[in-house]
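Coordinates as given in my_file.cif (mmCIF, C-alpha atoms):
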data_protein
#
loop_
_atom_site.label_atom_id
_atom_site.label_comp_id
_atom_site.auth_asym_id
_atom_site.auth_seq_id
_atom_site.Cartn_x
_atom_site.Cartn_y
_atom_site.Cartn_z
CA MET S 731 102.82 100.81 73.94
CA ARG S 732 103.80 97.87 71.75
CA LEU S 733 103.70 94.27 72.85
CA SER S 734 107.47 94.26 73.43
CA GLU S 735 107.15 97.23 75.77
CA LEU S 736 104.15 95.71 77.55
CA SER S 737 106.30 92.62 78.08
CA ARG S 738 109.24 94.65 79.40
CA THR S 739 107.11 96.78 81.75
CA SER S 740 105.10 93.86 83.14
CA GLY S 741 107.96 91.37 83.16
CA VAL S 742 105.68 88.84 81.46
CA PRO S 743 107.34 87.23 78.39
CA ALA S 744 105.82 88.16 75.02
CA PRO S 745 104.83 84.55 74.16
CA THR S 746 102.92 84.36 77.45
CA ILE S 747 101.10 87.63 76.67
CA LYS S 748 100.20 86.29 73.22
CA PHE S 749 98.86 83.15 74.89
CA TYR S 750 96.65 85.23 77.22
CA LEU S 751 95.40 87.21 74.19
CA ARG S 752 94.53 83.99 72.33
CA GLU S 753 92.76 82.61 75.43
CA GLY S 754 90.76 85.83 75.79
CA LEU S 755 92.11 86.61 79.27
CA LEU S 756 93.50 89.85 77.89
CA SER S 757 91.53 92.04 75.46
CA PRO S 758 93.12 92.72 72.04
CA GLY S 759 95.17 95.89 71.55
CA VAL S 760 94.30 98.57 69.01
CA ARG S 761 95.64 97.44 65.62
CA THR S 762 98.08 99.94 64.09
CA ASN S 763 98.87 97.76 61.05
CA THR S 764 98.63 94.10 60.06
CA ASN S 765 101.41 92.98 62.37
CA GLN S 766 101.24 95.43 65.23
CA ALA S 767 98.87 96.54 67.95
CA ARG S 768 99.09 99.10 70.73
CA TYR S 769 98.38 98.38 74.38
CA GLY S 770 97.45 100.74 77.21
CA PRO S 771 97.65 100.93 81.03
CA GLY S 772 94.48 98.81 81.23
CA HIS S 773 96.37 95.94 79.62
CA LEU S 774 99.24 96.33 82.05
CA HIS S 775 96.85 96.31 85.02
CA ARG S 776 95.03 93.26 83.72
CA LEU S 777 98.34 91.43 83.19
CA ARG S 778 99.35 92.14 86.78
CA LEU S 779 95.97 90.91 87.97
CA ILE S 780 96.29 87.66 86.00
CA ARG S 781 99.81 87.04 87.32
CA ALA S 782 98.87 87.73 90.94
CA LEU S 783 95.84 85.41 90.83
CA LEU S 784 98.00 82.77 89.13
CA ASP S 785 101.26 82.99 91.06
CA ILE S 786 100.06 84.02 94.49
CA GLY S 787 96.36 83.17 94.52
CA GLY S 788 97.10 79.71 93.12
CA LEU S 789 94.15 79.84 90.70
CA SER S 790 94.30 78.01 87.37
CA LEU S 791 93.99 79.93 84.10
CA ALA S 792 90.50 78.46 83.65
CA GLU S 793 89.47 79.72 87.11
CA ILE S 794 90.95 83.14 86.38
CA GLY S 795 88.90 83.23 83.16
CA ASP S 796 85.72 82.54 85.17
CA VAL S 797 86.58 85.15 87.79
CA LEU S 798 87.40 87.80 85.18
CA ALA S 799 84.18 87.03 83.29
CA ALA S 800 82.24 87.43 86.56
CA SER S 801 84.03 90.69 87.30
CA ALA S 802 82.93 92.08 83.91
CA GLY S 803 79.32 91.71 85.09
CA SER S 804 77.66 92.87 88.28
CA ASP S 805 78.29 89.56 90.01
CA THR S 806 80.43 89.77 93.17
CA GLY S 807 82.37 86.79 91.82
CA LEU S 808 82.62 85.10 95.21
CA GLY S 809 80.57 82.11 94.04
CA HIS S 810 82.98 81.54 91.18
CA LEU S 811 86.02 81.17 93.37
CA PRO S 812 87.40 77.66 93.65
CA ARG S 813 87.46 75.81 96.96
CA ALA S 814 91.09 75.06 96.31
CA ALA S 815 93.22 74.46 93.28
CA ARG S 816 92.14 70.92 92.64
CA GLN S 817 93.90 68.04 91.01
CA PRO S 818 91.81 65.85 88.73
CA ALA S 819 93.43 62.82 90.43
CA LEU S 820 93.38 60.25 87.64
CA GLY S 821 89.90 60.90 86.41
CA THR S 822 88.02 60.44 89.62
CA THR S 823 86.64 62.73 92.29
CA ARG S 824 86.03 61.97 95.92
CA ARG S 825 82.35 62.76 95.57
CA ASP S 826 81.82 59.94 93.07
CA THR S 827 83.69 57.31 94.95
CA GLU S 828 84.00 57.69 98.71
CA PRO S 829 81.21 56.54 100.98
CA ARG S 830 81.45 59.54 103.28
CA ASP S 831 77.94 60.91 102.84
CA THR S 832 76.93 60.58 106.48
CA GLU S 833 80.05 62.32 107.75
CA ASP S 834 79.71 65.07 105.15
CA ALA S 835 76.04 65.59 106.07
CA HIS S 836 76.98 65.82 109.76
CA ALA S 837 79.70 68.36 108.98
CA THR S 838 77.28 70.40 106.84
CA ASP S 839 74.83 70.52 109.79
CA GLU S 840 77.66 71.71 112.04
CA VAL S 841 78.60 74.47 109.61
CA LEU S 842 74.99 75.60 109.15
CA ALA S 843 74.53 75.74 112.93
CA LEU S 844 77.71 77.80 113.14
CA VAL S 845 76.45 80.21 110.45
CA GLN S 846 73.27 80.65 112.47
CA ARG S 847 75.16 81.27 115.73
CA GLN S 848 77.26 83.89 113.93
CA GLY S 849 74.13 85.52 112.50
CA TRP S 850 75.60 85.40 109.01
CA LEU S 851 73.03 86.01 106.30
CA VAL S 852 74.17 83.57 103.65
CA SER S 853 72.36 81.01 101.53
CA PRO S 854 72.54 77.43 102.89
CA GLY S 855 73.49 76.48 99.31
CA ASP S 856 76.47 78.86 99.24
CA PRO S 857 79.46 76.93 97.82
CA ALA S 858 81.52 78.11 100.81
CA VAL S 859 79.19 76.18 103.17
CA GLU S 860 80.07 73.00 101.30
CA ALA S 861 83.77 73.93 101.22
CA ALA S 862 83.80 74.49 105.00
CA ALA S 863 81.88 71.25 105.59
CA GLU S 864 84.28 69.25 103.44
CA ALA S 865 87.31 70.61 105.27
CA LEU S 866 85.66 69.90 108.64
CA ALA S 867 84.62 66.36 107.64
CA ALA S 868 88.18 65.58 106.51
CA LEU S 869 89.64 67.02 109.73
CA LEU S 870 87.33 64.86 111.85
CA GLN S 871 87.99 61.76 109.78
CA LEU S 872 91.75 62.28 110.12
CA GLY S 873 91.59 62.54 113.90
CA ARG S 874 91.48 66.30 114.48
CA HIS S 875 88.25 66.15 116.49
CA ASP S 876 89.33 69.27 118.36
CA PHE S 877 88.32 71.38 115.34
CA ALA S 878 84.63 70.67 116.00
CA GLU S 879 84.90 72.38 119.40
CA ARG S 880 86.86 75.31 118.01
CA LEU S 881 84.59 76.21 115.10
CA ASP S 882 83.36 79.36 116.83
CA THR S 883 86.95 80.57 117.35
CA TYR S 884 87.56 80.10 113.63
CA ALA S 885 84.30 81.81 112.68
CA ALA S 886 84.95 84.78 114.98
CA ALA S 887 88.41 85.28 113.45
CA ALA S 888 86.96 84.99 109.92
CA ASP S 889 84.25 87.50 110.82
CA THR S 890 86.71 90.07 112.21
CA VAL S 891 88.86 89.86 109.10
CA ALA S 892 85.92 89.98 106.67
CA ALA S 893 84.29 92.95 108.42
CA SER S 894 87.61 94.77 108.20
CA ASP S 895 87.92 93.85 104.49
CA VAL S 896 84.51 95.27 103.68
CA GLY S 897 85.22 98.37 105.78
CA GLY S 898 88.44 98.86 103.82
CA LEU S 899 86.69 98.94 100.44
CA ASP S 900 86.68 102.33 98.82
CA ARG S 901 83.02 102.85 97.97
CA ARG S 902 83.85 105.57 95.48
CA THR S 903 85.59 102.95 93.34
CA ASP S 904 84.75 102.94 89.66
CA PRO S 905 81.87 100.40 89.43
CA ALA S 906 83.69 98.59 86.61
CA ARG S 907 86.57 98.01 89.02
CA ALA S 908 84.53 97.31 92.15
CA THR S 909 84.11 93.58 91.55
CA GLU S 910 87.74 93.18 90.58
CA THR S 911 88.72 94.97 93.80
CA LEU S 912 86.63 92.49 95.75
CA ILE S 913 88.08 89.46 94.00
CA VAL S 914 91.64 90.67 94.51
CA GLY S 915 90.97 91.22 98.20
CA ASN S 916 89.31 87.85 98.56
CA VAL S 917 91.87 85.68 96.75
CA LEU S 918 95.03 87.46 97.88
CA GLY S 919 93.69 88.29 101.36
CA GLU S 920 93.12 84.56 101.79
CA ARG S 921 96.77 83.88 100.95
CA LEU S 922 97.89 86.64 103.33
CA LEU S 923 95.80 85.25 106.18
CA ALA S 924 97.04 81.70 105.51
CA ALA S 925 100.68 82.83 105.60
CA LEU S 926 100.16 84.78 108.84
CA ARG S 927 98.39 81.79 110.40
CA ARG S 928 101.39 79.64 109.49
CA LEU S 929 103.75 82.14 111.16
CA ALA S 930 101.56 82.22 114.26
CA LEU S 931 101.43 78.42 114.32
CA THR S 932 105.22 78.22 114.14
CA HIS S 933 105.43 80.66 117.03
CA HIS S 934 102.88 78.88 119.22
CA LEU S 935 104.39 75.46 118.53
CA ARG S 936 107.63 76.71 120.05
CA GLY S 937 105.86 77.70 123.22
CA PRO S 938 106.72 76.51 126.75
CA VAL S 939 105.26 73.02 126.25
CA PRO S 940 107.24 71.26 123.48
CA LEU S 941 105.18 69.23 121.11
CA VAL S 942 105.74 65.48 121.03
CA GLY S 943 108.03 64.78 118.10
CA ASP S 944 108.97 68.44 117.63
CA THR S 945 112.72 68.69 117.81
CA THR S 946 113.15 71.98 115.95
CA PRO S 947 115.29 74.42 117.97
CA ALA S 948 113.44 77.18 119.79
CA MET N 194 92.58 43.22 103.36
CA ARG N 195 93.23 42.84 99.65
CA LEU N 196 93.67 45.72 97.27
CA SER N 197 90.10 45.35 96.00
CA GLU N 198 88.76 45.66 99.54
CA LEU N 199 91.05 48.62 100.31
CA SER N 200 89.62 50.25 97.20
CA ARG N 201 86.02 49.54 98.22
CA THR N 202 86.49 50.74 101.81
CA SER N 203 88.38 53.91 100.89
CA GLY N 204 86.39 54.68 97.74
CA VAL N 205 89.67 55.18 95.87
CA PRO N 206 89.79 53.23 92.58
CA ALA N 207 92.29 50.33 92.46
CA PRO N 208 94.34 51.86 89.58
CA THR N 209 94.74 55.04 91.64
CA ILE N 210 95.92 53.03 94.66
CA LYS N 211 98.41 51.20 92.43
CA PHE N 212 99.65 54.56 91.18
CA TYR N 213 100.20 55.80 94.77
CA LEU N 214 102.08 52.56 95.54
CA ARG N 215 104.35 53.04 92.50
CA GLU N 216 104.96 56.68 93.45
CA GLY N 217 105.88 55.65 96.99
CA LEU N 218 103.08 57.72 98.59
CA LEU N 219 101.68 54.50 100.05
CA SER N 220 103.93 51.80 101.53
CA PRO N 221 103.76 48.34 99.96
CA GLY N 222 101.42 45.75 101.47
CA VAL N 223 102.61 42.42 102.83
CA ARG N 224 103.03 40.00 99.91
CA THR N 225 100.93 36.84 100.26
CA ASN N 226 101.95 35.43 96.87
CA THR N 227 103.40 36.68 93.58
CA ASN N 228 100.26 38.55 92.59
CA GLN N 229 98.70 39.54 95.86
CA ALA N 230 99.44 41.64 98.92
CA ARG N 231 97.55 42.42 102.09
CA TYR N 232 96.86 45.91 103.40
CA GLY N 233 96.00 47.09 106.91
CA PRO N 234 94.24 50.01 108.65
CA GLY N 235 97.46 52.05 108.29
CA HIS N 236 97.07 51.92 104.52
CA LEU N 237 93.45 53.01 104.75
CA HIS N 238 94.38 55.94 106.99
CA ARG N 239 97.22 56.97 104.70
CA LEU N 240 94.91 56.82 101.66
CA ARG N 241 92.38 59.09 103.39
CA LEU N 242 95.18 61.49 104.28
CA ILE N 243 96.42 61.63 100.68
CA ARG N 244 92.92 62.22 99.33
CA ALA N 245 92.13 64.96 101.85
CA LEU N 246 95.38 66.83 101.15
CA LEU N 247 94.76 66.42 97.41
CA ASP N 248 91.04 67.13 97.10
CA ILE N 249 90.48 69.60 99.92
CA GLY N 250 93.94 70.93 100.73
CA GLY N 251 94.63 71.53 97.04
CA LEU N 252 98.18 70.17 97.28
CA SER N 253 99.81 68.45 94.30
CA LEU N 254 100.98 64.84 94.56
CA ALA N 255 104.59 66.07 94.58
CA GLU N 256 103.82 68.42 97.50
CA ILE N 257 102.04 65.61 99.35
CA GLY N 258 105.13 63.45 98.85
CA ASP N 259 107.30 66.16 100.45
CA VAL N 260 104.89 66.63 103.35
CA LEU N 261 104.62 62.90 104.01
CA ALA N 262 108.41 62.53 103.88
CA ALA N 263 108.71 65.37 106.41
CA SER N 264 106.08 63.78 108.63
CA ALA N 265 108.11 60.55 108.71
CA GLY N 266 110.94 62.52 110.37
CA SER N 267 110.86 64.80 113.36
CA ASP N 268 110.35 67.89 111.21
CA THR N 269 107.12 69.84 111.88
CA GLY N 270 106.62 69.91 108.13
CA LEU N 271 105.41 73.53 108.13
CA GLY N 272 108.36 74.69 106.04
CA HIS N 273 107.53 72.14 103.36
CA LEU N 274 104.05 73.41 102.80
CA PRO N 275 103.51 75.25 99.54
CA ARG N 276 102.53 78.92 99.47
CA ALA N 277 99.78 77.98 97.08
CA ALA N 278 99.30 75.37 94.42
CA ARG N 279 101.28 77.09 91.70
CA GLN N 280 101.02 76.95 87.97
CA PRO N 281 104.29 76.84 86.04
CA ALA N 282 102.84 79.47 83.68
CA LEU N 283 104.58 78.63 80.43
CA GLY N 284 108.02 78.00 81.81
CA THR N 285 108.55 81.27 83.61
CA THR N 286 108.19 82.46 87.17
CA ARG N 287 107.42 85.94 88.38
CA ARG N 288 110.65 86.07 90.35
CA ASP N 289 112.77 85.74 87.22
CA THR N 290 110.96 88.25 85.15
CA GLU N 291 109.03 90.98 86.97
CA PRO N 292 110.85 94.09 88.16
CA ARG N 293 109.02 94.23 91.48
CA ASP N 294 111.98 93.95 93.81
CA THR N 295 111.49 97.30 95.53
CA GLU N 296 107.81 96.65 96.23
CA ASP N 297 108.55 93.13 97.45
CA ALA N 298 111.31 94.40 99.74
CA HIS N 299 108.95 97.04 101.15
CA ALA N 300 106.26 94.41 101.77
CA THR N 301 108.82 92.13 103.46
CA ASP N 302 109.76 94.99 105.81
CA GLU N 303 106.10 95.53 106.62
CA VAL N 304 105.61 91.84 107.41
CA LEU N 305 108.75 91.67 109.57
CA ALA N 306 107.61 94.75 111.50
CA LEU N 307 104.23 93.07 111.97
CA VAL N 308 105.88 89.88 113.25
CA GLN N 309 107.79 91.98 115.76
CA ARG N 310 104.67 93.86 116.92
CA GLN N 311 102.93 90.50 117.42
CA GLY N 312 105.93 89.17 119.35
CA TRP N 313 106.05 86.08 117.16
CA LEU N 314 109.30 84.14 117.52
CA VAL N 315 109.90 83.07 113.93
CA SER N 316 112.93 83.16 111.67
CA PRO N 317 113.03 86.17 109.31
CA GLY N 318 113.83 83.60 106.60
CA ASP N 319 110.67 81.57 107.30
CA PRO N 320 109.02 80.79 103.93
CA ALA N 321 105.72 82.09 105.34
CA VAL N 322 107.27 85.57 105.75
CA GLU N 323 107.97 85.61 102.03
CA ALA N 324 104.52 84.20 101.26
CA ALA N 325 102.83 86.94 103.32
CA ALA N 326 105.03 89.62 101.74
CA GLU N 327 104.20 88.43 98.24
CA ALA N 328 100.48 88.48 98.91
CA LEU N 329 100.76 91.96 100.47
CA ALA N 330 102.89 93.32 97.59
CA ALA N 331 100.36 92.05 95.05
CA LEU N 332 97.43 93.52 97.01
CA LEU N 333 99.13 96.92 97.12
CA GLN N 334 100.07 96.80 93.46
CA LEU N 335 96.50 95.95 92.52
CA GLY N 336 95.05 98.89 94.42
CA ARG N 337 94.08 97.32 97.76
CA HIS N 338 96.17 99.78 99.81
CA ASP N 339 93.75 99.34 102.70
CA PHE N 340 95.38 95.98 103.49
CA ALA N 341 98.56 97.72 104.69
CA GLU N 342 96.57 99.46 107.43
CA ARG N 343 94.73 96.31 108.39
CA LEU N 344 97.70 93.98 108.76
CA ASP N 345 97.37 93.92 112.56
CA THR N 346 93.73 92.87 112.32
CA TYR N 347 94.78 89.99 110.08
CA ALA N 348 97.66 89.03 112.36
CA ALA N 349 95.49 89.11 115.49
CA ALA N 350 92.92 86.83 113.83
CA ALA N 351 95.69 84.48 112.66
CA ASP N 352 97.17 84.43 116.16
CA THR N 353 93.84 83.60 117.83
CA VAL N 354 93.24 80.72 115.47
CA ALA N 355 96.80 79.37 115.68
CA ALA N 356 96.85 79.52 119.50
CA SER N 357 93.59 77.59 119.54
CA ASP N 358 95.02 75.05 117.05
CA VAL N 359 98.05 74.38 119.22
CA GLY N 360 95.87 74.23 122.35
CA GLY N 361 93.69 71.66 120.60
CA LEU N 362 96.57 69.27 119.90
CA ASP N 363 96.45 66.12 121.94
CA ARG N 364 99.92 65.96 123.46
CA ARG N 365 99.55 62.29 124.24
CA THR N 366 99.46 61.59 120.51
CA ASP N 367 101.69 58.81 119.24
CA PRO N 368 104.94 60.65 118.26
CA ALA N 369 104.86 58.95 114.86
CA ARG N 370 101.48 60.57 114.26
CA ALA N 371 102.19 63.97 115.84
CA THR N 372 103.65 65.61 112.75
CA GLU N 373 100.92 64.23 110.55
CA THR N 374 98.35 65.62 112.99
CA LEU N 375 99.98 69.03 112.68
CA ILE N 376 100.07 68.94 108.90
CA VAL N 377 96.44 67.89 108.66
CA GLY N 378 95.42 70.71 110.98
CA ASN N 379 97.51 73.21 109.09
CA VAL N 380 96.46 72.36 105.53
CA LEU N 381 92.79 71.58 106.19
CA GLY N 382 92.40 74.24 108.89
CA GLU N 383 93.58 76.76 106.31
CA ARG N 384 90.82 75.63 103.93
CA LEU N 385 88.25 75.77 106.74
CA LEU N 386 89.28 79.31 107.70
CA ALA N 387 89.25 80.43 104.04
CA ALA N 388 85.73 79.06 103.53
CA LEU N 389 84.45 80.72 106.72
CA ARG N 390 86.07 84.01 105.69
CA ARG N 391 84.26 83.77 102.36
CA LEU N 392 80.93 83.24 104.15
CA ALA N 393 81.61 86.18 106.45
CA LEU N 394 82.57 88.34 103.45
CA THR N 395 79.32 87.45 101.70
CA HIS N 396 77.43 88.40 104.83
CA HIS N 397 79.21 91.72 105.37
CA LEU N 398 78.94 92.69 101.69
CA ARG N 399 75.17 92.50 102.08
CA GLY N 400 75.23 94.93 104.97
CA PRO N 401 73.28 98.21 105.20
CA VAL N 402 75.57 100.07 102.76
CA PRO N 403 75.32 98.38 99.36
CA LEU N 404 78.57 98.04 97.50
CA VAL N 405 78.92 99.92 94.23
CA GLY N 406 78.24 97.44 91.44
CA ASP N 407 76.80 94.83 93.80
CA THR N 408 73.30 93.99 92.58
CA THR N 409 72.91 90.64 94.30
CA PRO N 410 69.67 90.51 96.30
CA ALA N 411 69.98 90.96 100.06
#
So, in terms of structure tokens, how does the structure I just supplied come out?
Amino acid sequence: MRLSELSRTSGVPAPTIKFYLREGLLSPGVRTNTNQARYGPGHLHRLRLIRALLDIGGLSLAEIGDVLAASAGSDTGLGHLPRAARQPALGTTRRDTEPRDTEDAHATDEVLALVQRQGWLVSPGDPAVEAAAEALAALLQLGRHDFAERLDTYAAAADTVAASDVGGLDRRTDPARATETLIVGNVLGERLLAALRRLALTHHLRGPVPLVGDTTPA
Amino acid sequence: MRLSELSRTSGVPAPTIKFYLREGLLSPGVRTNTNQARYGPGHLHRLRLIRALLDIGGLSLAEIGDVLAASAGSDTGLGHLPRAARQPALGTTRRDTEPRDTEDAHATDEVLALVQRQGWLVSPGDPAVEAAAEALAALLQLGRHDFAERLDTYAAAADTVAASDVGGLDRRTDPARATETLIVGNVLGERLLAALRRLALTHHLRGPVPLVGDTTPA
């Protein structure tokens, strides 16, 4: 199909598609003459993938580029995923400026102990260890000390979901698509879980004991 | 304390603090003369909150402004939380352009049925219903059909975690802080859960049955 048709079918405006082509997120079509190229179902699929990671996964275009590059290789891509969509915050990062090393180190120890209790075989240098430790350190610093005692509840829930994710993978998948399948499940599954947790929180907050300051109707 | 001391204690550069003051994210200090103001522990706490939501929660400054405004009222603030940090993507949004209405409607039905099976008392118009439906629709469209069959596993994990979150809230908390406490737990707890899920995924992917295309050492 031509670019105009690719745009119509995907719903992505032609200038946006051209931008993705220039940025290398989308591979070039097959040239039919100087001004035209033809695109196939692979382009449509890739466009949908880019839009889902962007709009729903909340990744930046740069992060999507990294993830797609990883998925072209044999890498599982999990290490390339961002902790969160970060803001550069006026040219500074927390790491450079805030004297929270002791608290961060304590939180890292807590997370590593948790990993051991769960029997998870992961590298202590896994970026997700640091991401979990940072979230925990911030929670503790902001007064949510209860999270330290509930780490195992969180880990057990994460383990149930992850085991089910891996069980749901179709092992006959085309190897070229296997990594992409994983990345899609990881990024979008994370958004799904977060949304369901928010629904469950809303439900439990409206339980028999009203929360101080909560005046929303039941 | 003076602005310079607030900067030193919090690790946030003075120009950044001045920017937050101008944007109204931080309330003004008490003026001591034309050029100076004094700041208290409340300012330090608020600065830490802003930085945690920004750096770890991945919220934008505009989103943080909305959340903080909600937390000043009696609102639980959950409805103000973003689905994900979104990119404007060259002036267009998926909703305006992509013809995915049927799939989205189907996913919304699936999520509402799930909510009913879980017995969650939430409004069908809750933004988190839409967020979950969007993530599910994208997963299905990108070939992860297995997620449809595993929705209950996801919901049960979300419910366990949310019930534990609400149980962990200190109900004697200062009402003025209660909403903030909730928001912190929601945004940062989400990042904690996502990081733990990623660790669990890494572990389960290295299980006895190697994944097609996965050549990372066990």
Assuming the chain letters and numbering stay as they are in my file, what does the PyMOL selection byres ((chain N and resi 238-245) around 10) actually select? List them as a CSV table (one decimal) with C-alpha atoms, in the coordinates of the input.
chain,number,residue,atom,x,y,z
S,819,ALA,CA,93.4,62.8,90.4
S,823,THR,CA,86.6,62.7,92.3
S,824,ARG,CA,86.0,62.0,95.9
S,828,GLU,CA,84.0,57.7,98.7
S,864,GLU,CA,84.3,69.2,103.4
S,865,ALA,CA,87.3,70.6,105.3
S,867,ALA,CA,84.6,66.4,107.6
S,868,ALA,CA,88.2,65.6,106.5
S,869,LEU,CA,89.6,67.0,109.7
S,871,GLN,CA,88.0,61.8,109.8
S,872,LEU,CA,91.8,62.3,110.1
S,873,GLY,CA,91.6,62.5,113.9
N,199,LEU,CA,91.0,48.6,100.3
N,200,SER,CA,89.6,50.2,97.2
N,203,SER,CA,88.4,53.9,100.9
N,204,GLY,CA,86.4,54.7,97.7
N,205,VAL,CA,89.7,55.2,95.9
N,210,ILE,CA,95.9,53.0,94.7
N,213,TYR,CA,100.2,55.8,94.8
N,218,LEU,CA,103.1,57.7,98.6
N,219,LEU,CA,101.7,54.5,100.0
N,220,SER,CA,103.9,51.8,101.5
N,233,GLY,CA,96.0,47.1,106.9
N,234,PRO,CA,94.2,50.0,108.6
N,235,GLY,CA,97.5,52.0,108.3
N,236,HIS,CA,97.1,51.9,104.5
N,237,LEU,CA,93.4,53.0,104.8
N,246,LEU,CA,95.4,66.8,101.2
N,247,LEU,CA,94.8,66.4,97.4
N,248,ASP,CA,91.0,67.1,97.1
N,249,ILE,CA,90.5,69.6,99.9
N,250,GLY,CA,93.9,70.9,100.7
N,251,GLY,CA,94.6,71.5,97.0
N,252,LEU,CA,98.2,70.2,97.3
N,253,SER,CA,99.8,68.4,94.3
N,254,LEU,CA,101.0,64.8,94.6
N,257,ILE,CA,102.0,65.6,99.4
N,258,GLY,CA,105.1,63.4,98.8
N,261,LEU,CA,104.6,62.9,104.0
N,373,GLU,CA,100.9,64.2,110.6
N,377,VAL,CA,96.4,67.9,108.7
N,380,VAL,CA,96.5,72.4,105.5
N,381,LEU,CA,92.8,71.6,106.2
message: When you count only C-alpha atoms, which of these residues is closest to Pro857 of chain S: N:Ala393, N:Val260, N:Val223, N:Ala388?
response: N:Ala388
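Computed from the coordinates, the atom CA of Ala893 of chain S to atom CA of Ala350 of chain N distance equals 11.9 Å.
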field: Residues in the PyMOL selection byres ((chain S and resi 862) around 10), expressed as a list of chain:residue names
entry: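 After applying the PyMOL selection byres ((chain S and resi 862) around 10), what remains is S:Arg813, S:Ala837, S:Thr838, S:Glu840, S:Val841, S:Leu842, S:Pro857, S:Ala858, S:Val859, S:Glu860, S:Ala861, S:Ala863, S:Glu864, S:Ala865, S:Leu866, S:Ala867, N:Ile249, N:Leu381, N:Gly382, N:Arg384, N:Leu385, N:Leu386, N:Ala387, N:Ala388, N:Leu389, N:Arg390, N:Arg391, N:Leu392.
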Centre and edges of the segment 256-263 of chain N box, axis-aligned, 8 Å extra per side, as JSON:
{"center_x": 105.4, "center_y": 65.5, "center_z": 102.0, "size_x": 22.7, "size_y": 21.9, "size_z": 24.9}
- request: Kindly give the distance, in Å, that separates atom CA of Val354 of chain N and atom CA of Thr890 of chain S, rounded to a single decimal.
  value: 11.9 Å
task: Please evaluate the PyMOL selection byres ((chain N and resi 196) around 9) against the displayed coordinates and give the resulting residues as a list in words.
output: Met194, Arg195, Ser197, Glu198, Leu199, Ser200, Arg201, Ala207, Ile210, Lys211, Gly222, Gln229, Ala230, Arg231 and Tyr232 of chain N
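Taking atom CA of Asp297 of chain N and atom CA of Ala892 of chain S as endpoints, the distance between them is 24.6 Å.
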- prompt: Quick one: of N:Arg224, N:Arg310, N:His338, N:Arg215, who's nearest to chain S, counting all atoms listed in the file?
  reply: N:His338
Since the input lacks some atoms of segment 841-853 of chain S, please model N, CA and C atoms and print them as a short mmCIF file (atom, residue, chain, number, x, y, z; two decimals), in the frame of the given file.
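Everything below was put into selection24.cif:
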data_model
loop_
_atom_site.label_atom_id
_atom_site.label_comp_id
_atom_site.auth_asym_id
_atom_site.auth_seq_id
_atom_site.Cartn_x
_atom_site.Cartn_y
_atom_site.Cartn_z
N VAL S 841 78.27 73.18 110.21
CA VAL S 841 78.60 74.47 109.61
C VAL S 841 77.36 75.37 109.56
N LEU S 842 76.22 74.79 109.22
CA LEU S 842 74.99 75.60 109.15
C LEU S 842 74.60 76.12 110.53
N ALA S 843 74.80 75.30 111.55
CA ALA S 843 74.53 75.74 112.93
C ALA S 843 75.48 76.88 113.31
N LEU S 844 76.71 76.77 112.88
CA LEU S 844 77.71 77.80 113.14
C LEU S 844 77.31 79.12 112.46
N VAL S 845 76.89 79.03 111.21
CA VAL S 845 76.45 80.21 110.45
C VAL S 845 75.32 80.91 111.20
N GLN S 846 74.41 80.10 111.73
CA GLN S 846 73.27 80.65 112.47
C GLN S 846 73.73 81.33 113.77
N ARG S 847 74.63 80.67 114.50
CA ARG S 847 75.16 81.27 115.73
C ARG S 847 75.85 82.60 115.44
N GLN S 848 76.55 82.66 114.30
CA GLN S 848 77.26 83.89 113.93
C GLN S 848 76.31 84.97 113.42
N GLY S 849 75.08 84.57 113.07
CA GLY S 849 74.13 85.52 112.50
C GLY S 849 74.49 85.94 111.09
N TRP S 850 75.22 85.07 110.39
CA TRP S 850 75.60 85.40 109.01
C TRP S 850 74.42 85.17 108.07
N LEU S 851 74.10 86.16 107.28
CA LEU S 851 73.03 86.01 106.30
C LEU S 851 73.62 85.49 105.00
N VAL S 852 73.66 84.19 104.88
CA VAL S 852 74.17 83.57 103.65
C VAL S 852 73.22 82.44 103.27
N SER S 853 73.21 82.10 102.00
CA SER S 853 72.36 81.01 101.53
C SER S 853 72.92 79.68 102.01
#
